[in-house]
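Peer 1: The file below is run01.cif, mmCIF, C-alpha atoms and all ligand atoms:
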```
data_work
loop_
_atom_site.group_PDB
_atom_site.id
_atom_site.type_symbol
_atom_site.label_atom_id
_atom_site.label_comp_id
_atom_site.auth_asym_id
_atom_site.auth_seq_id
_atom_site.Cartn_x
_atom_site.Cartn_y
_atom_site.Cartn_z
ATOM 1 C CA MET A 92 289.484 35.447 56.335
ATOM 2 C CA LYS A 93 289.197 38.570 58.340
ATOM 3 C CA THR A 94 291.699 40.348 56.033
ATOM 4 C CA ARG A 95 289.937 39.220 52.901
ATOM 5 C CA ASN A 96 286.607 40.340 54.281
ATOM 6 C CA SER A 97 287.884 43.772 55.134
ATOM 7 C CA LYS A 98 289.553 44.057 51.687
ATOM 8 C CA THR A 99 286.265 43.074 50.052
ATOM 9 C CA ASN A 100 284.475 45.599 52.214
ATOM 10 C CA GLN A 101 286.946 48.282 51.220
ATOM 11 C CA ARG A 102 286.469 47.459 47.532
ATOM 12 C CA VAL A 103 282.697 47.528 47.873
ATOM 13 C CA ALA A 104 282.926 50.828 49.736
ATOM 14 C CA ARG A 105 285.111 52.274 46.976
ATOM 15 C CA ILE A 106 282.684 51.170 44.255
ATOM 16 C CA TYR A 107 279.817 52.749 46.177
ATOM 17 C CA SER A 108 281.677 56.001 46.733
ATOM 18 C CA VAL A 109 282.541 56.212 42.993
ATOM 19 C CA ARG A 110 278.882 55.601 42.184
ATOM 20 C CA ALA A 111 277.782 58.199 44.732
ATOM 21 C CA LEU A 112 280.188 60.732 43.228
ATOM 22 C CA ALA A 113 278.879 59.983 39.723
ATOM 23 C CA LEU A 114 275.314 60.415 40.972
ATOM 24 C CA VAL A 115 276.150 63.738 42.644
ATOM 25 C CA LEU A 116 277.828 64.940 39.422
ATOM 26 C CA ALA A 117 274.858 63.852 37.325
ATOM 27 C CA LEU A 118 272.427 65.556 39.683
ATOM 28 C CA SER A 119 274.374 68.807 39.779
ATOM 29 C CA LEU A 120 274.651 68.856 35.967
ATOM 30 C CA THR A 121 270.873 68.425 35.780
ATOM 31 C CA ALA A 122 270.437 71.256 38.285
ATOM 32 C CA VAL A 123 272.717 73.589 36.309
ATOM 33 C CA THR A 124 270.899 72.796 33.063
ATOM 34 C CA SER A 125 267.468 73.323 34.572
ATOM 35 C CA VAL A 126 268.486 76.627 36.229
ATOM 36 C CA ALA A 127 269.764 77.883 32.848
ATOM 37 C CA ALA A 128 266.621 76.642 31.114
ATOM 38 C CA SER A 129 264.300 78.211 33.689
ATOM 39 C CA ALA A 130 266.188 81.540 33.433
ATOM 40 C CA VAL A 131 265.555 81.558 29.683
ATOM 41 C CA VAL A 132 261.867 80.851 30.187
ATOM 42 C CA ALA A 133 261.504 83.133 33.220
ATOM 43 C CA ILE A 134 262.062 86.432 31.406
ATOM 44 C CA ASP A 135 259.308 85.536 28.912
ATOM 45 C CA THR A 136 256.749 84.201 31.379
ATOM 46 C CA ALA A 137 254.202 86.715 32.661
ATOM 47 C CA THR A 138 253.890 84.983 36.060
ATOM 48 C CA SER A 139 257.665 84.903 36.672
ATOM 49 C CA TYR A 140 259.314 87.396 39.056
ATOM 50 C CA GLN A 141 262.000 87.784 36.392
ATOM 51 C CA VAL A 142 259.697 88.596 33.475
ATOM 52 C CA VAL A 143 261.124 91.409 31.341
ATOM 53 C CA VAL A 144 258.500 93.785 29.979
ATOM 54 C CA ASN A 145 259.529 96.750 27.865
ATOM 55 C CA LYS A 146 258.584 98.528 24.631
ATOM 56 C CA THR A 147 259.715 95.538 22.547
ATOM 57 C CA ARG A 148 258.522 92.847 24.953
ATOM 58 C CA PRO A 149 254.779 92.997 25.693
ATOM 59 C CA LEU A 150 253.229 90.703 28.250
ATOM 60 C CA ARG A 151 252.034 87.378 26.880
ATOM 61 C CA PRO A 152 249.090 87.339 26.790
ATOM 62 C CA VAL A 153 248.760 91.135 26.537
ATOM 63 C CA THR A 154 245.674 90.952 28.763
ATOM 64 C CA TYR A 155 247.609 89.064 31.512
ATOM 65 C CA HIS A 156 246.093 89.357 34.984
ATOM 66 C CA PRO A 157 248.043 88.012 38.035
ATOM 67 C CA SER A 158 246.112 85.539 40.182
ATOM 68 C CA ASP A 159 247.637 86.388 43.575
ATOM 69 C CA LEU A 160 246.963 90.112 43.959
ATOM 70 C CA VAL A 161 246.541 91.379 47.522
ATOM 71 C CA ARG A 162 246.114 94.754 49.143
ATOM 72 C CA VAL A 163 249.361 95.892 50.781
ATOM 73 C CA PRO A 164 248.533 95.942 54.521
ATOM 74 C CA LYS A 165 250.756 98.911 55.487
ATOM 75 C CA TYR A 166 252.042 102.153 53.948
ATOM 76 C CA ASN A 167 249.111 101.986 51.570
ATOM 77 C CA PRO A 168 246.761 104.992 51.908
ATOM 78 C CA TYR A 169 245.400 104.467 48.373
ATOM 79 C CA SER A 170 244.602 100.741 48.856
ATOM 80 C CA ARG A 171 246.892 99.586 46.057
ATOM 81 C CA ILE A 172 247.183 95.927 45.146
ATOM 82 C CA VAL A 173 250.278 93.959 44.095
ATOM 83 C CA ARG A 174 251.270 90.277 44.001
ATOM 84 C CA ARG A 175 251.420 88.591 47.413
ATOM 85 C CA ASP A 176 255.225 88.276 47.739
ATOM 86 C CA VAL A 177 255.671 91.865 46.587
ATOM 87 C CA SER A 178 253.294 93.036 49.297
ATOM 88 C CA ALA A 179 255.301 91.189 51.962
ATOM 89 C CA ALA A 180 258.544 92.690 50.637
ATOM 90 C CA ILE A 181 257.043 96.214 50.689
ATOM 91 C CA VAL A 182 256.090 95.853 54.362
ATOM 92 C CA LEU A 183 259.602 94.693 55.315
ATOM 93 C CA LEU A 184 261.147 97.533 53.323
ATOM 94 C CA GLY A 185 258.812 100.142 54.820
ATOM 95 C CA ASN A 186 259.456 98.911 58.355
ATOM 96 C CA ASP A 187 263.247 99.057 57.913
ATOM 97 C CA MET A 188 263.074 102.435 56.215
ATOM 98 C CA LYS A 189 261.176 103.812 59.181
ATOM 99 C CA VAL A 190 263.556 102.250 61.719
ATOM 100 C CA ALA A 191 266.470 103.758 59.774
ATOM 101 C CA GLY A 192 264.845 107.182 60.171
ATOM 102 C CA GLN A 193 264.476 107.665 56.411
ATOM 103 C CA GLY A 194 260.797 108.534 56.294
ATOM 104 C CA THR A 195 257.405 106.883 56.062
ATOM 105 C CA LEU A 196 256.901 104.877 52.906
ATOM 106 C CA ILE A 197 253.833 105.376 50.718
ATOM 107 C CA VAL A 198 252.723 102.966 48.013
ATOM 108 C CA GLN A 199 251.683 105.465 45.360
ATOM 109 C CA SER A 200 250.697 102.902 42.740
ATOM 110 C CA GLY A 201 250.841 99.177 42.195
ATOM 111 C CA TYR A 202 248.988 96.855 39.845
ATOM 112 C CA ARG A 203 247.207 98.347 36.854
ATOM 113 C CA SER A 204 244.973 96.203 34.678
ATOM 114 C CA TYR A 205 245.031 96.003 30.886
ATOM 115 C CA GLY A 206 241.696 97.816 30.914
ATOM 116 C CA SER A 207 242.812 100.738 33.083
ATOM 117 C CA GLN A 208 246.070 101.061 31.109
ATOM 118 C CA THR A 209 243.972 101.244 27.921
ATOM 119 C CA THR A 210 242.022 104.164 29.394
ATOM 120 C CA ILE A 211 245.184 105.991 30.547
ATOM 121 C CA HIS A 212 246.947 105.443 27.219
ATOM 122 C CA LYS A 213 243.946 106.594 25.167
ATOM 123 C CA ALA A 214 243.521 109.740 27.257
ATOM 124 C CA LYS A 215 247.194 110.755 26.975
ATOM 125 C CA VAL A 216 247.366 110.093 23.239
ATOM 126 C CA ARG A 217 244.126 112.007 22.658
ATOM 127 C CA ALA A 218 245.368 114.980 24.696
ATOM 128 C CA LEU A 219 248.990 115.147 23.535
ATOM 129 C CA GLY A 220 249.248 113.187 20.290
ATOM 130 C CA LYS A 221 250.772 109.750 19.825
ATOM 131 C CA VAL A 222 254.474 110.665 20.172
ATOM 132 C CA HIS A 223 254.254 112.821 23.285
ATOM 133 C CA GLY A 224 251.338 110.898 24.828
ATOM 134 C CA GLU A 225 253.212 107.597 24.594
ATOM 135 C CA LYS A 226 256.184 109.120 26.386
ATOM 136 C CA LEU A 227 253.955 109.446 29.449
ATOM 137 C CA ALA A 228 251.721 106.394 29.209
ATOM 138 C CA ALA A 229 252.689 102.878 28.213
ATOM 139 C CA ARG A 230 250.543 100.965 25.756
ATOM 140 C CA PRO A 231 248.267 98.410 27.403
ATOM 141 C CA GLY A 232 250.100 95.069 27.666
ATOM 142 C CA TYR A 233 253.465 96.882 27.763
ATOM 143 C CA SER A 234 253.298 98.374 31.269
ATOM 144 C CA GLU A 235 255.279 96.808 34.103
ATOM 145 C CA HIS A 236 252.455 97.785 36.428
ATOM 146 C CA GLN A 237 250.298 95.134 34.733
ATOM 147 C CA THR A 238 252.648 92.409 36.082
ATOM 148 C CA GLY A 239 251.680 93.209 39.694
ATOM 149 C CA LEU A 240 255.444 93.376 40.364
ATOM 150 C CA ALA A 241 255.981 97.124 39.867
ATOM 151 C CA VAL A 242 255.468 99.770 42.511
ATOM 152 C CA ASP A 243 255.720 103.546 42.514
ATOM 153 C CA PHE A 244 257.033 104.550 45.935
ATOM 154 C CA ALA A 245 256.620 107.873 47.639
ATOM 155 C CA ALA A 246 257.177 109.076 51.178
ATOM 156 C CA ARG A 247 255.057 111.081 53.556
ATOM 157 C CA GLY A 248 255.541 114.812 53.090
ATOM 158 C CA VAL A 249 257.512 114.472 49.836
ATOM 159 C CA SER A 250 256.227 115.507 46.391
ATOM 160 C CA THR A 251 255.349 112.375 44.496
ATOM 161 C CA LEU A 252 256.333 111.053 41.078
ATOM 162 C CA GLN A 253 258.903 113.821 40.595
ATOM 163 C CA VAL A 254 262.537 113.424 39.567
ATOM 164 C CA SER A 255 263.376 115.460 42.686
ATOM 165 C CA PHE A 256 262.377 112.342 44.698
ATOM 166 C CA ALA A 257 265.885 111.023 43.923
ATOM 167 C CA LYS A 258 267.398 113.739 46.126
ATOM 168 C CA THR A 259 265.110 113.202 49.120
ATOM 169 C CA LYS A 260 266.113 111.159 52.175
ATOM 170 C CA ALA A 261 263.591 108.469 51.225
ATOM 171 C CA GLY A 262 264.599 108.412 47.561
ATOM 172 C CA ILE A 263 268.281 108.075 48.429
ATOM 173 C CA TRP A 264 267.606 105.305 50.936
ATOM 174 C CA LEU A 265 265.372 103.407 48.490
ATOM 175 C CA ALA A 266 267.901 103.623 45.656
ATOM 176 C CA ALA A 267 270.613 102.231 47.942
ATOM 177 C CA ASN A 268 268.635 99.598 49.850
ATOM 178 C CA ALA A 269 265.642 98.375 47.852
ATOM 179 C CA TYR A 270 267.640 95.474 46.407
ATOM 180 C CA ARG A 271 267.827 93.901 49.869
ATOM 181 C CA TYR A 272 264.058 93.380 49.618
ATOM 182 C CA GLY A 273 264.092 92.177 46.005
ATOM 183 C CA PHE A 274 263.468 95.471 44.172
ATOM 184 C CA VAL A 275 265.412 97.187 41.424
ATOM 185 C CA LEU A 276 265.114 100.821 40.407
ATOM 186 C CA ARG A 277 263.805 99.948 36.971
ATOM 187 C CA TYR A 278 264.343 103.177 35.014
ATOM 188 C CA PRO A 279 267.678 104.560 36.186
ATOM 189 C CA SER A 280 269.207 107.876 35.160
ATOM 190 C CA GLY A 281 271.154 107.778 31.888
ATOM 191 C CA LYS A 282 269.607 104.513 30.667
ATOM 192 C CA THR A 283 266.670 105.818 28.602
ATOM 193 C CA SER A 284 268.197 104.479 25.367
ATOM 194 C CA ILE A 285 268.094 100.975 26.889
ATOM 195 C CA THR A 286 264.899 100.954 28.955
ATOM 196 C CA GLY A 287 262.821 103.304 26.779
ATOM 197 C CA TYR A 288 261.842 105.354 29.847
ATOM 198 C CA SER A 289 263.140 108.562 31.399
ATOM 199 C CA PHE A 290 264.638 108.457 34.891
ATOM 200 C CA GLU A 291 261.905 107.448 37.335
ATOM 201 C CA PRO A 292 263.406 107.416 40.849
ATOM 202 C CA TRP A 293 260.031 106.265 42.225
ATOM 203 C CA HIS A 294 259.393 103.223 40.025
ATOM 204 C CA PHE A 295 260.668 99.974 41.500
ATOM 205 C CA ARG A 296 260.286 96.488 40.140
ATOM 206 C CA TYR A 297 260.244 93.314 42.235
ATOM 207 C CA VAL A 298 262.541 90.614 40.826
ATOM 208 C CA GLY A 299 263.298 88.688 44.049
ATOM 209 C CA VAL A 300 266.206 89.144 46.448
ATOM 210 C CA GLN A 301 268.551 86.816 44.542
ATOM 211 C CA VAL A 302 268.379 88.649 41.203
ATOM 212 C CA ALA A 303 268.255 92.121 42.773
ATOM 213 C CA THR A 304 271.350 91.316 44.860
ATOM 214 C CA ALA A 305 273.208 89.858 41.874
ATOM 215 C CA MET A 306 272.484 93.025 39.862
ATOM 216 C CA HIS A 307 273.592 95.208 42.775
ATOM 217 C CA ASP A 308 276.801 93.226 43.331
ATOM 218 C CA GLN A 309 277.653 93.271 39.610
ATOM 219 C CA ALA A 310 276.696 96.971 39.322
ATOM 220 C CA ILE A 311 274.261 96.190 36.482
ATOM 221 C CA THR A 312 271.350 98.621 36.597
ATOM 222 C CA THR A 313 268.907 97.449 33.928
ATOM 223 C CA LEU A 314 267.164 94.117 33.383
ATOM 224 C CA GLU A 315 267.955 94.419 29.657
ATOM 225 C CA GLU A 316 271.706 94.452 30.379
ATOM 226 C CA PHE A 317 271.493 91.814 33.115
ATOM 227 C CA TYR A 318 269.761 89.368 30.763
ATOM 228 C CA SER A 319 271.765 90.491 27.681
ATOM 229 C CA LEU A 320 268.627 91.620 25.884
ATOM 230 C CA PRO A 321 268.527 94.173 23.089
ATOM 231 C CA ALA A 322 267.928 97.805 24.040
ATOM 232 C CA ALA A 323 264.249 98.795 23.893
ATOM 233 C CA PRO A 324 264.132 102.549 23.249
ATOM 234 C CA ASN A 325 260.931 102.459 21.174
ATOM 235 C CA TYR A 326 257.939 100.360 20.260
ATOM 236 C CA LEU A 327 258.556 98.155 17.251
ATOM 237 C CA ASN A 328 255.566 99.552 15.378
HETATM 238 ZN ZN ZN A 401 255.605 103.166 37.781
#
```
Translate this file's structure into structure tokens.
Peer 2:
Amino acid sequence: MKTRNSKTNQRVARIYSVRALALVLALSLTAVTSVAASAVVAIDTATSYQVVVNKTRPLRPVTYHPSDLVRVPKYNPYSRIVRRDVSAAIVLLGNDMKVAGQGTLIVQSGYRSYGSQTTIHKAKVRALGKVHGEKLAARPGYSEHQTGLAVDFAARGVSTLQVSFAKTKAGIWLAANAYRYGFVLRYPSGKTSITGYSFEPWHFRYVGVQVATAMHDQAITTLEEFYSLPAAPNYLN
């Protein structure tokens, strides 16, 4: 009786463990599928930290306005605003940069609205003509700054928005370490034919620590290559 009971118990236990294994497998398959599905959606969704905006991929809608913009509480002499998580990441980055003795961070620019981008774009095109003007100013709806996820960094005492920033202590530290805080250097040197933009050692884009670290570890420097998207050297029309 005792033996039979224990055998029955063992059989029941085995059935349950097989069922548990099947359930775990089913759940993990669902998880894998939904991660893949969300990655596909994420690069197209304006609110996503992984949204890819370039000259062939405008924001949808083009007038997109993030709902969680905040003023960065430190390193922000110009009172720039960005999305909430980006602001928190900037503060962490600035604190660590200072502790590392690599200079005092400055948030040179952050979010730009569709309206202000329209003004900037119009002014540049009027002054320089369409071809040259559009090299310096993105069309409204096509600027990463409109996502609230892009930041132009500078450092105290360093000339701002210059290619020479790449050779400064701050520029070197940012290029090497920004990924730890979720940022990628969005327009790297030698990638203009893919990104559509000249080297901008000051322009960083928040994508979250996971994606930024994956790109760093795989030595992939553009979002277009990371997501296997077509190169975006020019506007489509
Ligand atoms: Zn920028």
Peer 1: Name all residues at most 10 Å from Asn167 of chain A (count all atoms listed in the file; drop same-chain ones fewer than 3 positions away) and give them as a short mmCIF file (atom, residue, chain, number, x, y, z; two decimals) with C-alpha atoms, in the frame of the given file.
Peer 2:
```cif
data_model
loop_
_atom_site.label_atom_id
_atom_site.label_comp_id
_atom_site.auth_asym_id
_atom_site.auth_seq_id
_atom_site.Cartn_x
_atom_site.Cartn_y
_atom_site.Cartn_z
CA ARG A 162 246.11 94.75 49.14
CA VAL A 163 249.36 95.89 50.78
CA PRO A 164 248.53 95.94 54.52
CA SER A 170 244.60 100.74 48.86
CA ARG A 171 246.89 99.59 46.06
CA ILE A 172 247.18 95.93 45.15
CA ILE A 181 257.04 96.21 50.69
CA VAL A 182 256.09 95.85 54.36
CA LEU A 196 256.90 104.88 52.91
CA ILE A 197 253.83 105.38 50.72
CA VAL A 198 252.72 102.97 48.01
CA GLN A 199 251.68 105.46 45.36
CA SER A 200 250.70 102.90 42.74
CA GLY A 201 250.84 99.18 42.20
#
```
Peer 1: With a distance cut-off of 12 Å and all atoms listed in the file, select the neighbouring residues of Arg247 of chain A, excluding the residue or stretch itself and same-chain residues fewer than 5 positions from it, and output the selection as a list in words.
Peer 2: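 Near Arg247 of chain A, the qualifying residues are Tyr166, Asn167, Pro168, Gly185, Lys189, Gln193, Gly194, Thr195, Leu196, Ile197, Val198, Gln199, Phe256, Thr259, Lys260, Ala261 and Gly262 of chain A.
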Peer 1: Kindly resolve the PyMOL selection byres (((chain A and resi 236) around 10) and not hetatm) on the present coordinates and return the residues as a VMD selection string.
Peer 2: chain A and resid 144 173 200 to 205 208 229 231 to 235 237 to 243 294 to 296
Peer 1: Which is closer to Tyr169 of chain A than all the others in A:Ala228, A:Ala245, A:Tyr326, A:Ala303, using only C-alpha atoms?
Peer 2: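 Using only C-alpha atoms, Tyr169 of chain A sits closest to A:Ala245.
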Peer 1: Select, from A:Leu314, A:Ala257, A:Ile263, A:Leu276, the residue with the minimum atom-to-atom distance to ligand ZN 401 (chain A), counting all atoms listed in the file.
Peer 2: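 Closest residue, counting all atoms listed in the file: A:Leu276.
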